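Report on the following structure.
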Amino acid sequence: MKIVAINGSHRKGMNTAAMLGLVLEEAARGGAETELVELVDCRIEYCLSCNQCLREPKCSIRDDDMPALAEKMLAADAVILGSPVYFGNVTARLKTFMDRTRWLHMRKNLLEGKLGAALTHAGLRNGGQEMTQMILERFLLSHGFQLVEPREPGRPIYNSAVMGTLFDGLDGDRFRWRKGALEDALAVAMCRALGRNLLRRATTGRERAELP
Ligand SMILES: Cc1cc2nc3c(=O)[nH]c(=O)nc-3n(C[C@H](O)[C@H](O)[C@H](O)COP(=O)(O)O)c2cc1C
């Protein structure tokens, strides 16, 4: 099983990357082949709205990194998108990527049937994670992905989405912050659960007990 994770953060290796890394690490323990793509390393032009993709499954822009990213997704069994919350939304970097996938969707849903998942990270509690998660999930559903959630059989405490937070509480009126996503125990547990669920959903005929 091949899983590609795509990080929409402007900051390489930070909170969102750490969460995606945990999902991939857990899936890799069960034998998945994994790759983390940092969009900050890629050159992605804006969609021109030329509408070529309405006539044929092609994009008129060929000289940036989007064709290679599309190849990675087409070759993968599962795609995980991760975004920091920016004003209750995905980052502009990830949105540019999302818009440029239109050719994979308009004539034929070329990604249809693959497993898809999303996660978010934000500074504040209730900082817009749920809205951002919904935006990512709507995008995945438009492409025909089958959504995979972190909820696991027999573990009812988990939410239906993986959302991390830096806010750790108040000392009087001073904010106390976690140093990073890996200090958010619930987010860590849910990232790992998502990694296991991706494997479960991809693996037919294997018993739960055989999974890590
Ligand atoms: C432009 C901008 C907008 C942001 N908007 C929000 C927001 O609406 N809610 C929130 O809780 N945090 C917000 N944040 C904080 C980030 O979501 C947070 O720092 C996140 O951990 C960054 O992820 P990263 O470490 O992967 O880059 C914003 C940060 C930036 C730079």
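By order of appearance in the structure tokens: chains A, B, ..., then residues from 1 within every chain, and ligands from 1 in the order shown.
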Exercise for review: Extract, using only C-alpha atoms, all DNA, RNA and protein residues at most 9 Å from range 186-189 of chain A, discarding same-chain residues fewer than 4 positions from it, and format them as a PyMOL selection string.
Suggested key: chain A and resi 19+22-23+158+162-165+181-182+193-194
Practice item. Would you mind writing down, as JSON, numbers by chain, each residue of range 36-197 of chain A that DSSP on the backbone assigns to strand (DSSP E or B)? Key: {"A": [36, 37, 38, 78, 79, 80, 81, 82, 83, 84, 86, 89, 115, 116, 117, 118, 119, 120, 121, 122, 146, 147, 152, 155, 162, 163, 164, 165, 167, 168, 169, 170, 171, 174, 175, 176, 177]}
Review point. What's the 8 Å shell around range 100-109 of chain A, counting only C-alpha atoms, without same-chain residues fewer than 4 positions away, as a list in words?
Key: Tyr46, Cys47, Cys53, Leu54, Arg55, Glu56, Pro57, Lys58, Cys59, Met66, Ala70, Thr96, Ser142, His143 and Gly144 of chain A
Save the residues we just selected, C-alpha atoms, as a short mmCIF file (atom, residue, chain, number, x, y, z; two decimals), in the first residue's frame?
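again_34.cif, written as the output of this step:
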```
data_model
loop_
_atom_site.label_atom_id
_atom_site.label_comp_id
_atom_site.auth_asym_id
_atom_site.auth_seq_id
_atom_site.Cartn_x
_atom_site.Cartn_y
_atom_site.Cartn_z
CA TYR A 46 -2.25 29.46 -9.89
CA CYS A 47 -5.01 27.85 -11.93
CA CYS A 53 -9.83 20.60 -18.24
CA LEU A 54 -13.53 20.87 -19.20
CA ARG A 55 -12.70 19.54 -22.68
CA GLU A 56 -10.08 16.90 -21.80
CA PRO A 57 -8.44 15.58 -18.62
CA LYS A 58 -5.39 17.84 -18.97
CA CYS A 59 -4.05 21.03 -17.45
CA MET A 66 1.88 19.92 -10.38
CA ALA A 70 -0.54 14.44 -9.78
CA THR A 96 -3.56 26.71 -4.97
CA SER A 142 -15.48 15.96 -4.82
CA HIS A 143 -12.66 13.86 -6.21
CA GLY A 144 -14.40 10.63 -5.20
#
```
Exercise for review: Please provide as a VMD selection string all residues within 12 Å of Arg43 in chain A, with the sequence filter that same-chain residues fewer than 6 positions apart are discarded (counting only C-alpha atoms).
Suggested key: chain A and resid 61 to 69 93 to 94 96 to 97 100
Practice item. Mind checking which residues fall within 6 Å of range 132-140 of chain A, counting only C-alpha atoms, ignoring those fewer than 4 positions away in the same chain, and posting them as an MDAnalysis selection string? Key: chainID A and resid 89:90 145
Find the residues near Leu39 in chain A: any atom within 12 Å, counting only C-alpha atoms, skip ones fewer than 5 places away on the same chain, and give them as a short mmCIF file (atom, residue, chain, number, x, y, z; two decimals) with C-alpha atoms, in the first residue's frame.
```cif
data_model
loop_
_atom_site.label_atom_id
_atom_site.label_comp_id
_atom_site.auth_asym_id
_atom_site.auth_seq_id
_atom_site.Cartn_x
_atom_site.Cartn_y
_atom_site.Cartn_z
CA ALA A 5 0.86 12.84 2.61
CA ILE A 6 0.73 16.44 1.39
CA ASN A 7 1.58 19.25 3.78
CA GLY A 8 0.09 22.65 2.97
CA SER A 9 2.06 24.51 5.64
CA HIS A 10 4.41 27.32 4.69
CA ARG A 11 6.73 25.87 7.34
CA LYS A 12 8.53 22.66 6.55
CA GLY A 13 8.81 20.09 9.33
CA THR A 16 1.33 19.87 10.49
CA ALA A 17 4.32 17.95 9.15
CA ILE A 44 2.77 25.53 -8.08
CA GLU A 45 1.30 28.20 -10.34
CA ASP A 65 5.61 20.76 -10.08
CA MET A 66 1.88 19.92 -10.38
CA ALA A 68 4.70 15.34 -10.73
CA LEU A 69 2.36 15.78 -7.74
CA LEU A 81 -3.90 16.28 3.20
CA GLY A 82 -2.69 18.38 6.12
CA SER A 83 -3.14 22.09 6.63
CA THR A 91 -3.42 27.88 3.62
CA ALA A 92 -3.29 29.71 0.29
CA ARG A 93 -0.52 27.29 -0.71
CA LEU A 94 -2.78 24.26 -0.23
CA LYS A 95 -5.73 26.02 -1.91
CA THR A 96 -3.56 26.71 -4.97
CA PHE A 97 -2.68 23.01 -5.07
CA MET A 98 -6.37 22.05 -4.67
#
```
Point to revise | Contacts with ligand 1 at most 6 Å, only C-alpha atoms and all ligand atoms counted, listed as a VMD selection string | key: chain A and resid 9 to 11 14 to 17 84 to 88 121 to 124 127 to 128
Review point. Please, what distance in Å, to one decimal, runs between CA of Arg29 in chain A and CA of Glu152 in chain A?
Key: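 Interatomic distance here is 17.3 Å.
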**Study point:** Closest of A:Met190, A:Ala27, A:Leu36, A:Leu74 to Ala202 in chain A - atom-to-atom distances counting only C-alpha atoms
**Key:**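 Among the listed residues, the smallest separation from Ala202 in chain A belongs to A:Ala27.
Of the residues listed (A:Arg200, A:Lys179, A:Lys114, A:Arg125), A:Lys114 shows the shortest atom-to-atom separation from Leu147 in chain A; distances use only C-alpha atoms.
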